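Novice: Here you go, model_21.pdb (PDB, C-alpha atoms):
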```
MODEL        1
ATOM      1  CA  MET O   1      15.281 -47.928  30.106
ATOM      2  CA  LYS O   2      16.228 -44.447  28.888
ATOM      3  CA  PRO O   3      15.341 -41.553  31.191
ATOM      4  CA  ALA O   4      12.419 -39.489  30.025
ATOM      5  CA  LYS O   5      13.084 -36.080  28.601
ATOM      6  CA  ARG O   6      11.287 -33.580  30.753
ATOM      7  CA  ALA O   7       9.082 -30.707  29.804
ATOM      8  CA  SER O   8      10.405 -27.329  30.844
ATOM      9  CA  VAL O   9       9.097 -23.842  31.385
ATOM     10  CA  ALA O  10      10.541 -21.356  28.955
ATOM     11  CA  THR O  11      10.191 -17.676  28.239
ATOM     12  CA  GLY O  12       9.899 -16.612  24.643
ATOM     13  CA  ARG O  13      10.298 -19.044  21.765
ATOM     14  CA  SER O  14      13.234 -20.630  20.022
ATOM     15  CA  SER O  15      13.310 -22.611  16.815
ATOM     16  CA  LEU O  16      14.558 -26.154  16.692
ATOM     17  CA  ASP O  17      18.232 -26.519  15.880
ATOM     18  CA  SER O  18      18.814 -27.511  12.269
ATOM     19  CA  SER O  19      20.673 -30.731  11.623
ATOM     20  CA  ASN O  20      24.395 -30.438  11.116
ATOM     21  CA  PRO O  21      25.293 -31.319   7.512
ATOM     22  CA  ASP O  22      28.875 -32.021   8.598
ATOM     23  CA  ARG O  23      27.821 -34.558  11.202
ATOM     24  CA  PRO O  24      29.379 -37.964  10.381
ATOM     25  CA  ALA O  25      27.071 -40.775   9.329
ATOM     26  CA  ARG O  26      25.844 -42.890  12.212
ATOM     27  CA  ARG O  27      27.423 -46.292  12.625
ATOM     28  CA  LYS O  28      25.102 -49.106  11.584
ATOM     29  CA  ILE O  29      24.652 -52.260  13.637
ATOM     30  CA  GLN O  30      25.215 -55.236  11.349
ATOM     31  CA  SER O  31      23.125 -57.699  13.329
ATOM     32  CA  VAL O  32      20.171 -55.297  13.361
ATOM     33  CA  GLU O  33      20.463 -54.705   9.632
ATOM     34  CA  ARG O  34      20.497 -58.447   9.021
ATOM     35  CA  ALA O  35      17.452 -59.007  11.240
ATOM     36  CA  LEU O  36      15.491 -56.274   9.480
ATOM     37  CA  SER O  37      16.459 -57.624   6.053
ATOM     38  CA  LEU O  38      15.270 -61.032   7.177
ATOM     39  CA  LEU O  39      11.912 -59.655   8.308
ATOM     40  CA  GLU O  40      11.490 -57.800   5.010
ATOM     41  CA  LEU O  41      12.261 -61.018   3.116
ATOM     42  CA  LEU O  42       9.643 -62.957   5.080
ATOM     43  CA  ALA O  43       7.114 -60.165   4.550
ATOM     44  CA  GLU O  44       7.460 -60.545   0.775
ATOM     45  CA  ALA O  45       7.018 -64.327   0.813
ATOM     46  CA  ALA O  46       3.467 -65.621   0.476
ATOM     47  CA  ASP O  47       4.105 -69.178   1.729
ATOM     48  CA  GLY O  48       7.094 -68.845   4.025
ATOM     49  CA  VAL O  49      10.803 -69.317   3.284
ATOM     50  CA  ARG O  50      13.078 -72.237   4.136
ATOM     51  CA  LEU O  51      16.407 -71.743   5.905
ATOM     52  CA  ASN O  52      18.659 -72.400   2.889
ATOM     53  CA  ASP O  53      16.655 -70.017   0.729
ATOM     54  CA  ILE O  54      16.964 -67.277   3.367
ATOM     55  CA  SER O  55      20.702 -67.894   3.573
ATOM     56  CA  ASN O  56      21.098 -67.585  -0.198
ATOM     57  CA  ALA O  57      18.826 -64.546  -0.547
ATOM     58  CA  LEU O  58      20.615 -62.572   2.166
ATOM     59  CA  ASN O  59      24.088 -63.864   1.328
ATOM     60  CA  LEU O  60      24.578 -65.137   4.894
ATOM     61  CA  ASN O  61      25.859 -68.462   6.119
ATOM     62  CA  VAL O  62      23.283 -70.933   7.371
ATOM     63  CA  SER O  63      24.465 -70.787  10.982
ATOM     64  CA  THR O  64      24.076 -66.997  11.173
ATOM     65  CA  CYS O  65      20.599 -67.204   9.656
ATOM     66  CA  HIS O  66      19.595 -69.915  12.093
ATOM     67  CA  HIS O  67      20.715 -67.871  15.122
ATOM     68  CA  LEU O  68      18.853 -64.811  13.866
ATOM     69  CA  LEU O  69      15.706 -66.820  13.251
ATOM     70  CA  ARG O  70      15.816 -68.537  16.652
ATOM     71  CA  THR O  71      16.239 -65.193  18.424
ATOM     72  CA  MET O  72      13.296 -63.639  16.595
ATOM     73  CA  MET O  73      11.192 -66.756  17.130
ATOM     74  CA  ASP O  74      11.823 -66.475  20.876
ATOM     75  CA  ARG O  75      10.476 -62.896  20.745
ATOM     76  CA  GLY O  76       7.503 -63.782  18.539
ATOM     77  CA  TYR O  77       8.608 -61.915  15.417
ATOM     78  CA  VAL O  78       9.128 -65.103  13.395
ATOM     79  CA  ALA O  79       7.239 -68.397  13.373
ATOM     80  CA  GLN O  80       7.937 -71.733  11.696
ATOM     81  CA  SER O  81       5.703 -74.216   9.952
ATOM     82  CA  GLY O  82       5.777 -77.682  11.487
ATOM     83  CA  LYS O  83       5.100 -79.279   8.111
ATOM     84  CA  ASP O  84       7.798 -77.985   5.775
ATOM     85  CA  ARG O  85       9.943 -76.070   8.322
ATOM     86  CA  ALA O  86       9.465 -72.844   6.386
ATOM     87  CA  TYR O  87       9.662 -69.539   8.278
ATOM     88  CA  PHE O  88       7.111 -66.740   8.185
ATOM     89  CA  LEU O  89       6.271 -63.572  10.115
ATOM     90  CA  GLY O  90       5.131 -64.100  13.699
ATOM     91  CA  ASN O  91       2.203 -62.654  15.598
ATOM     92  CA  LYS O  92       4.357 -59.985  17.249
ATOM     93  CA  VAL O  93       4.710 -58.214  13.905
ATOM     94  CA  VAL O  94       0.946 -58.212  13.492
ATOM     95  CA  GLU O  95       0.559 -56.930  17.057
ATOM     96  CA  LEU O  96       2.953 -54.039  16.471
ATOM     97  CA  SER O  97       1.324 -53.183  13.151
ATOM     98  CA  GLY O  98      -2.083 -53.097  14.792
ATOM     99  CA  SER O  99      -0.737 -50.927  17.594
ATOM    100  CA  ARG O 100       0.719 -48.450  15.092
ATOM    101  CA  ILE O 101      -2.529 -48.338  13.113
ATOM    102  CA  ARG O 102      -4.461 -47.614  16.315
ATOM    103  CA  GLN O 103      -2.040 -44.792  17.107
ATOM    104  CA  PHE O 104      -2.532 -43.227  13.676
ATOM    105  CA  ASN O 105      -6.307 -43.617  13.982
ATOM    106  CA  LEU O 106      -6.300 -42.103  17.469
ATOM    107  CA  ALA O 107      -4.204 -39.130  16.408
ATOM    108  CA  GLU O 108      -6.360 -38.582  13.324
ATOM    109  CA  VAL O 109      -9.583 -38.648  15.349
ATOM    110  CA  ALA O 110      -8.304 -36.728  18.364
ATOM    111  CA  MET O 111      -6.214 -33.948  16.826
ATOM    112  CA  PRO O 112      -9.031 -31.576  15.766
ATOM    113  CA  ASP O 113     -10.393 -31.517  19.325
ATOM    114  CA  LEU O 114      -6.932 -31.307  20.866
ATOM    115  CA  ARG O 115      -6.095 -28.370  18.602
ATOM    116  CA  GLU O 116      -9.267 -26.661  19.781
ATOM    117  CA  LEU O 117      -8.287 -27.375  23.404
ATOM    118  CA  ASN O 118      -4.842 -25.936  22.677
ATOM    119  CA  ARG O 119      -6.415 -22.831  21.102
ATOM    120  CA  ARG O 120      -8.993 -22.327  23.849
ATOM    121  CA  THR O 121      -6.628 -22.761  26.812
ATOM    122  CA  GLY O 122      -3.479 -21.466  25.156
ATOM    123  CA  GLU O 123      -1.564 -24.219  26.971
ATOM    124  CA  THR O 124       0.639 -27.103  25.815
ATOM    125  CA  VAL O 125      -1.285 -30.264  24.920
ATOM    126  CA  HIS O 126       0.140 -33.814  24.828
ATOM    127  CA  LEU O 127      -1.311 -37.005  23.348
ATOM    128  CA  ALA O 128       0.098 -40.305  24.644
ATOM    129  CA  VAL O 129      -0.463 -44.063  24.430
ATOM    130  CA  LEU O 130       0.583 -47.065  26.480
ATOM    131  CA  GLN O 131       2.869 -49.193  24.309
ATOM    132  CA  GLY O 132       3.544 -52.441  26.114
ATOM    133  CA  ASP O 133       4.402 -51.260  29.621
ATOM    134  CA  GLU O 134       5.717 -47.851  28.562
ATOM    135  CA  LEU O 135       4.108 -44.460  28.061
ATOM    136  CA  VAL O 136       4.813 -43.019  24.598
ATOM    137  CA  SER O 137       4.070 -39.461  23.438
ATOM    138  CA  ILE O 138       2.710 -39.370  19.890
ATOM    139  CA  ALA O 139       1.806 -35.678  19.543
ATOM    140  CA  VAL O 140       2.564 -32.324  21.193
ATOM    141  CA  LEU O 141       0.811 -29.008  20.534
ATOM    142  CA  GLU O 142       2.807 -26.043  21.797
ATOM    143  CA  SER O 143       1.482 -23.308  24.066
ATOM    144  CA  HIS O 144       0.520 -19.911  22.621
ATOM    145  CA  HIS O 145       1.885 -18.033  25.640
ATOM    146  CA  ALA O 146       5.327 -16.412  25.806
ATOM    147  CA  VAL O 147       5.921 -18.153  29.149
ATOM    148  CA  CYS O 148       5.014 -21.746  28.508
ATOM    149  CA  VAL O 149       5.734 -25.429  29.008
ATOM    150  CA  VAL O 150       8.142 -26.568  26.285
ATOM    151  CA  SER O 151       8.079 -30.267  25.410
ATOM    152  CA  SER O 152       9.304 -32.552  22.671
ATOM    153  CA  LEU O 153       8.353 -35.931  21.289
ATOM    154  CA  SER O 154      10.944 -37.811  23.293
ATOM    155  CA  GLY O 155       9.596 -41.320  22.790
ATOM    156  CA  LYS O 156       9.176 -43.714  25.685
ATOM    157  CA  SER O 157       9.011 -42.383  29.216
ATOM    158  CA  ASP O 158       9.859 -43.878  32.608
ATOM    159  CA  ALA O 159       7.608 -41.309  34.311
ATOM    160  CA  ILE O 160       4.254 -43.031  33.866
ATOM    161  CA  HIS O 161       3.584 -42.692  37.605
ATOM    162  CA  ALA O 162       4.471 -38.978  37.661
ATOM    163  CA  THR O 163       2.542 -37.596  34.682
ATOM    164  CA  ALA O 164      -1.106 -36.775  34.138
ATOM    165  CA  THR O 165      -1.199 -38.799  30.917
ATOM    166  CA  GLY O 166       0.304 -41.820  32.663
ATOM    167  CA  LYS O 167      -1.941 -41.653  35.716
ATOM    168  CA  ALA O 168      -5.021 -41.141  33.528
ATOM    169  CA  ILE O 169      -4.319 -44.534  31.924
ATOM    170  CA  LEU O 170      -3.075 -46.461  34.963
ATOM    171  CA  ALA O 171      -6.066 -45.444  37.091
ATOM    172  CA  TRP O 172      -8.426 -47.511  34.920
ATOM    173  CA  LEU O 173      -6.329 -50.674  34.752
ATOM    174  CA  PRO O 174      -7.069 -53.624  37.036
ATOM    175  CA  GLU O 175      -4.962 -53.040  40.146
ATOM    176  CA  ILE O 176      -2.798 -56.114  39.529
ATOM    177  CA  GLU O 177      -1.954 -54.856  36.011
ATOM    178  CA  ALA O 178      -1.169 -51.334  37.216
ATOM    179  CA  ASP O 179       1.029 -52.870  39.921
ATOM    180  CA  ARG O 180       2.920 -54.918  37.339
ATOM    181  CA  ILE O 181       3.616 -51.892  35.137
ATOM    182  CA  ILE O 182       4.680 -49.706  38.042
ATOM    183  CA  THR O 183       6.958 -52.424  39.414
ATOM    184  CA  ARG O 184       8.567 -52.893  36.012
ATOM    185  CA  ALA O 185       8.992 -49.168  35.343
ATOM    186  CA  GLY O 186       9.953 -48.218  38.887
ATOM    187  CA  MET O 187       8.809 -45.126  40.768
ATOM    188  CA  THR O 188      11.647 -42.710  40.152
ATOM    189  CA  ARG O 189      11.580 -39.518  42.213
ATOM    190  CA  PHE O 190      11.779 -36.570  39.805
ATOM    191  CA  THR O 191      10.793 -33.792  42.230
ATOM    192  CA  ASP O 192       9.897 -33.403  45.895
ATOM    193  CA  ASN O 193       6.240 -33.896  44.872
ATOM    194  CA  THR O 194       6.694 -37.212  43.025
ATOM    195  CA  LEU O 195       4.630 -40.041  44.485
ATOM    196  CA  THR O 196       7.052 -42.886  45.197
ATOM    197  CA  GLU O 197       4.917 -45.012  47.522
ATOM    198  CA  ARG O 198       2.500 -47.554  46.046
ATOM    199  CA  ASP O 199      -0.339 -46.829  48.487
ATOM    200  CA  ALA O 200      -0.179 -43.099  47.783
ATOM    201  CA  LEU O 201      -0.307 -43.743  44.047
ATOM    202  CA  MET O 202      -3.262 -46.115  44.382
ATOM    203  CA  GLU O 203      -5.112 -43.450  46.368
ATOM    204  CA  GLU O 204      -4.314 -41.016  43.573
ATOM    205  CA  PHE O 205      -5.887 -43.425  41.083
ATOM    206  CA  ARG O 206      -9.075 -43.459  43.158
ATOM    207  CA  LEU O 207      -9.192 -39.664  42.891
ATOM    208  CA  VAL O 208      -8.698 -39.896  39.122
ATOM    209  CA  ARG O 209     -11.663 -42.249  38.818
ATOM    210  CA  ARG O 210     -13.803 -40.099  41.081
ATOM    211  CA  ASN O 211     -12.957 -36.749  39.466
ATOM    212  CA  GLY O 212     -12.758 -37.850  35.840
ATOM    213  CA  PHE O 213      -9.275 -36.370  35.320
ATOM    214  CA  ALA O 214      -5.682 -36.846  36.504
ATOM    215  CA  VAL O 215      -3.357 -34.182  37.906
ATOM    216  CA  ASP O 216       0.422 -33.887  37.856
ATOM    217  CA  ARG O 217       1.206 -31.411  40.664
ATOM    218  CA  GLU O 218       4.823 -30.621  39.815
ATOM    219  CA  GLU O 219       5.533 -34.338  40.153
ATOM    220  CA  PHE O 220       7.595 -34.664  36.990
ATOM    221  CA  GLN O 221       8.915 -31.154  36.466
ATOM    222  CA  PRO O 222       9.169 -28.309  38.995
ATOM    223  CA  GLY O 223       6.970 -25.383  38.035
ATOM    224  CA  VAL O 224       4.708 -27.446  35.746
ATOM    225  CA  ILE O 225       1.146 -28.613  36.437
ATOM    226  CA  CYS O 226      -0.751 -30.943  34.074
ATOM    227  CA  ILE O 227      -4.393 -32.005  33.824
ATOM    228  CA  GLY O 228      -5.071 -35.186  31.846
ATOM    229  CA  ALA O 229      -7.801 -37.664  30.939
ATOM    230  CA  ALA O 230      -8.090 -41.079  29.277
ATOM    231  CA  ILE O 231      -9.587 -41.798  25.853
ATOM    232  CA  ARG O 232     -11.670 -44.956  25.290
ATOM    233  CA  ASP O 233     -12.728 -46.816  22.190
ATOM    234  CA  HIS O 234     -16.014 -48.545  21.310
ATOM    235  CA  ALA O 235     -15.138 -51.572  23.443
ATOM    236  CA  GLY O 236     -14.449 -49.446  26.515
ATOM    237  CA  ALA O 237     -10.683 -50.004  26.184
ATOM    238  CA  VAL O 238      -8.369 -47.184  27.227
ATOM    239  CA  ILE O 239      -6.405 -46.528  24.046
ATOM    240  CA  GLY O 240      -4.619 -43.350  25.071
ATOM    241  CA  SER O 241      -4.703 -40.176  27.086
ATOM    242  CA  PHE O 242      -4.024 -36.475  26.700
ATOM    243  CA  SER O 243      -3.083 -33.626  28.992
ATOM    244  CA  CYS O 244      -2.924 -29.850  29.212
ATOM    245  CA  SER O 245       0.321 -28.517  30.776
ATOM    246  CA  LEU O 246       0.874 -25.059  32.214
ATOM    247  CA  PRO O 247       3.405 -23.240  34.397
ATOM    248  CA  THR O 248       2.482 -22.772  38.052
ATOM    249  CA  MET O 249       2.531 -18.996  37.599
ATOM    250  CA  ARG O 250      -0.743 -19.325  35.615
ATOM    251  CA  ALA O 251      -2.201 -22.153  37.686
ATOM    252  CA  ASN O 252      -4.648 -20.119  39.754
ATOM    253  CA  LYS O 253      -7.858 -21.801  40.907
ATOM    254  CA  SER O 254     -10.019 -20.221  38.221
ATOM    255  CA  HIS O 255      -7.725 -21.201  35.337
ATOM    256  CA  LEU O 256      -7.240 -24.742  36.675
ATOM    257  CA  ARG O 257     -10.994 -25.215  37.082
ATOM    258  CA  SER O 258     -11.530 -24.034  33.513
ATOM    259  CA  ILE O 259      -8.881 -26.442  32.176
ATOM    260  CA  GLN O 260     -10.294 -29.344  34.189
ATOM    261  CA  THR O 261     -13.730 -28.684  32.693
ATOM    262  CA  ASP O 262     -12.290 -28.408  29.183
ATOM    263  CA  VAL O 263     -10.210 -31.583  29.526
ATOM    264  CA  LYS O 264     -13.206 -33.605  30.727
ATOM    265  CA  ALA O 265     -15.353 -32.245  27.892
ATOM    266  CA  VAL O 266     -12.718 -33.016  25.232
ATOM    267  CA  ALA O 267     -12.230 -36.555  26.606
ATOM    268  CA  ARG O 268     -15.973 -37.078  26.297
ATOM    269  CA  VAL O 269     -16.066 -35.770  22.717
ATOM    270  CA  ILE O 270     -13.096 -37.833  21.491
ATOM    271  CA  SER O 271     -14.316 -41.001  23.216
ATOM    272  CA  ASP O 272     -17.788 -40.448  21.736
ATOM    273  CA  LYS O 273     -16.247 -40.249  18.256
ATOM    274  CA  LEU O 274     -14.587 -43.615  18.915
ATOM    275  CA  GLY O 275     -17.832 -45.089  20.204
ATOM    276  CA  GLY O 276     -16.592 -45.205  23.812
ATOM    277  CA  VAL O 277     -17.195 -43.320  27.037
ATOM    278  CA  SER O 278     -14.911 -40.908  28.845
ATOM    279  CA  GLU O 279     -13.512 -40.999  32.372
ATOM    280  CA  ALA O 280     -16.046 -38.400  33.402
ATOM    281  CA  ASP O 281     -18.878 -40.776  32.456
ATOM    282  CA  MET O 282     -17.444 -43.775  34.304
ATOM    283  CA  ALA O 283     -18.606 -44.967  37.704
ATOM    284  CA  ASP O 284     -15.931 -45.098  40.400
ATOM    285  CA  GLY O 285     -14.299 -48.505  40.590
ATOM    286  CA  TYR O 286     -15.545 -49.841  37.249
ATOM    287  CA  LEU O 287     -12.430 -50.978  35.419
ATOM    288  CA  TYR O 288     -12.194 -51.562  31.705
ATOM    289  CA  LYS O 289      -9.658 -53.610  29.833
ATOM    290  CA  THR O 290      -6.938 -51.939  27.768
ATOM    291  CA  ASN O 291      -5.415 -52.899  24.449
TER
ENDMDL
END
```
Would it be possible to restate this file's structure as structure tokens?

Specialist:
Amino acid sequence: MKPAKRASVATGRSSLDSSNPDRPARRKIQSVERALSLLELLAEAADGVRLNDISNALNLNVSTCHHLLRTMMDRGYVAQSGKDRAYFLGNKVVELSGSRIRQFNLAEVAMPDLRELNRRTGETVHLAVLQGDELVSIAVLESHHAVCVVSSLSGKSDAIHATATGKAILAWLPEIEADRIITRAGMTRFTDNTLTERDALMEEFRLVRRNGFAVDREEFQPGVICIGAAIRDHAGAVIGSFSCSLPTMRANKSHLRSIQTDVKAVARVISDKLGGVSEADMADGYLYKTN
């Protein structure tokens, strides 16, 4: 698993580096290209495609096609009819498509309220989802302050146990499921404040459920504090989370209390729009399913 890119505290602002036009073209992986071409071929076929037809359409020998198909069948991306042995797209493709649609829907619904939270607090705001067993950032709104937390959309993170967005989601999972994810991801120590003991993390989850928000107390990045909360849909499923990040120099009690109140209120508003309830409205210990 790739290490997560951390947020950092920066003074002033800098623009993103422009891409280098002289950079050489990236090397393509032939096996990946073939697998993607195969999936695209199956997506266009209404009734499935037989092995020889796939081989001819992609200009590949039958053995190569068969190995590709078997590998993708093992992962659920391809399925095969027992009647005519034709191949078609598997349920994993549908699952990923549904997950992506939910992400777009969540971002579309949540962004107006997250922009208002960003404007009102002046702090950096993140929106994240649990994709499989990994925390994925899908949106970042930058701080309006000169001294601020600078983040980027860095994809999947191995810091689910050390971030407010991660803890806000994990706290509402059944304990056995949270255990499985934490065991798989590991509990990397990022700072002296990172919780690396299971019992301590489980106690933290109880506080999240009791308070209605999660806190990252410089657990992922020194000098950065985050307040986060989960977002639920109409079925009560946790479909994502968001957080407000600020440097410790601004994290006085008054400002933190204000952000905690704002985060809980925004979680309630977004969840209401999705027909769900927020963490703040949940009774301690009542666990909902997740997608």

Novice: Considering all atoms listed in the file, can you say which of O:Arg75, O:Arg85, O:Arg206, O:Arg70 comes closest to Val49 of chain O?

Specialist: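 Going through O:Arg75, O:Arg85, O:Arg206, O:Arg70 one by one, the smallest distance to Val49 of chain O is for O:Arg85.
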
Novice: For a quick check of understanding, using all atoms listed in the file, which of O:Asp158, O:Glu204, O:Glu40, O:Glu134 has the smallest distance to Thr188 of chain O?

Specialist: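 Counting all atoms listed in the file, the residue closest to Thr188 of chain O is O:Asp158.
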
Novice: Applied to the shown file, which residues does the PyMOL selection byres ((chain O and resi 244) around 8) return, written as a ChimeraX atom specification?

Specialist: /O:118,123-126,226-228,242-243,245-246,259,263

Novice: Show me a table, sorted first by chain and then by increasing residue number, of the residues of segment 70-147 of chain O having an atom at most 12 Å from segment 167-179 of chain O, each with its shortest atom pair and the distance in Å to one decimal, counting all atoms listed in the file and written as a Markdown table.

Specialist:
```
| residue | atom | partner | partner_atom | distance |
| --- | --- | --- | --- | --- |
| O:Leu127 | CA | O:Ala168 | CA | 11.6 |
| O:Ala128 | CA | O:Ile169 | CA | 9.5 |
| O:Val129 | CA | O:Ile169 | CA | 8.4 |
| O:Leu130 | CA | O:Ile169 | CA | 7.8 |
| O:Gln131 | CA | O:Ile169 | CA | 11.5 |
| O:Gly132 | CA | O:Glu177 | CA | 11.6 |
| O:Asp133 | CA | O:Ala178 | CA | 9.4 |
| O:Glu134 | CA | O:Leu170 | CA | 11.0 |
| O:Leu135 | CA | O:Ile169 | CA | 9.3 |
| O:Val136 | CA | O:Ile169 | CA | 11.8 |
```

Novice: Calculate how many Å separate atom CA of Arg34 of chain O from atom CA of Gly90 of chain O, rounding to one decimal.

Specialist: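 So the answer is 17.0 Å.
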
Novice: Find the residues around Glu116 of chain O up to 12 Å (only C-alpha atoms counted), leave out those fewer than 2 positions away in its own chain, and share them as a PyMOL selection string.

Specialist: chain O and resi 110-114+118-125+141+244+262-263+265-266+269-270

Novice: Could you tell me how far atom CA of His144 of chain O sits from atom CA of Thr194 of chain O, in Å to one decimal place?

Specialist: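 Result for atom CA of Thr194 of chain O versus atom CA of His144 of chain O: 27.5 Å, one decimal.
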
Novice: Which distance in Å separates atom CA of Ala35 of chain O and atom CA of Val78 of chain O, to one decimal?

Specialist: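 Those two atoms sit 10.5 Å apart.
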
Novice: Hey, what's within 10 Å of segment 57-59 of chain O if we count all atoms listed in the file and toss same-chain stuff fewer than 4 positions away? As a ChimeraX atom specification, please?

Specialist: /O:34,37-38,41,51-53,65

Novice: How big is the axis-aligned box around all listed atoms of segment 59-63 of chain O once 4 Å goes on each side, and where's its centre, in Å to one decimal, as AutoDock Vina command-line options?

Specialist:
```
--center_x 24.6 --center_y -67.4 --center_z 6.2 --size_x 10.6 --size_y 15.1 --size_z 17.7
```

Novice: Excluding same-chain residues fewer than 3 positions from Leu106 of chain O, what lies within 10 Å of it counting all atoms listed in the file, as a list in words?

Specialist: Arg100, Ile101, Arg102, Gln103, Val109, Ala110, Met111, Leu127, Ala128, Val129, Ile138, Ile231, Arg232, Asp233, Ile239, Gly240, Ser241, Ile270, Ser271 and Leu274 of chain O
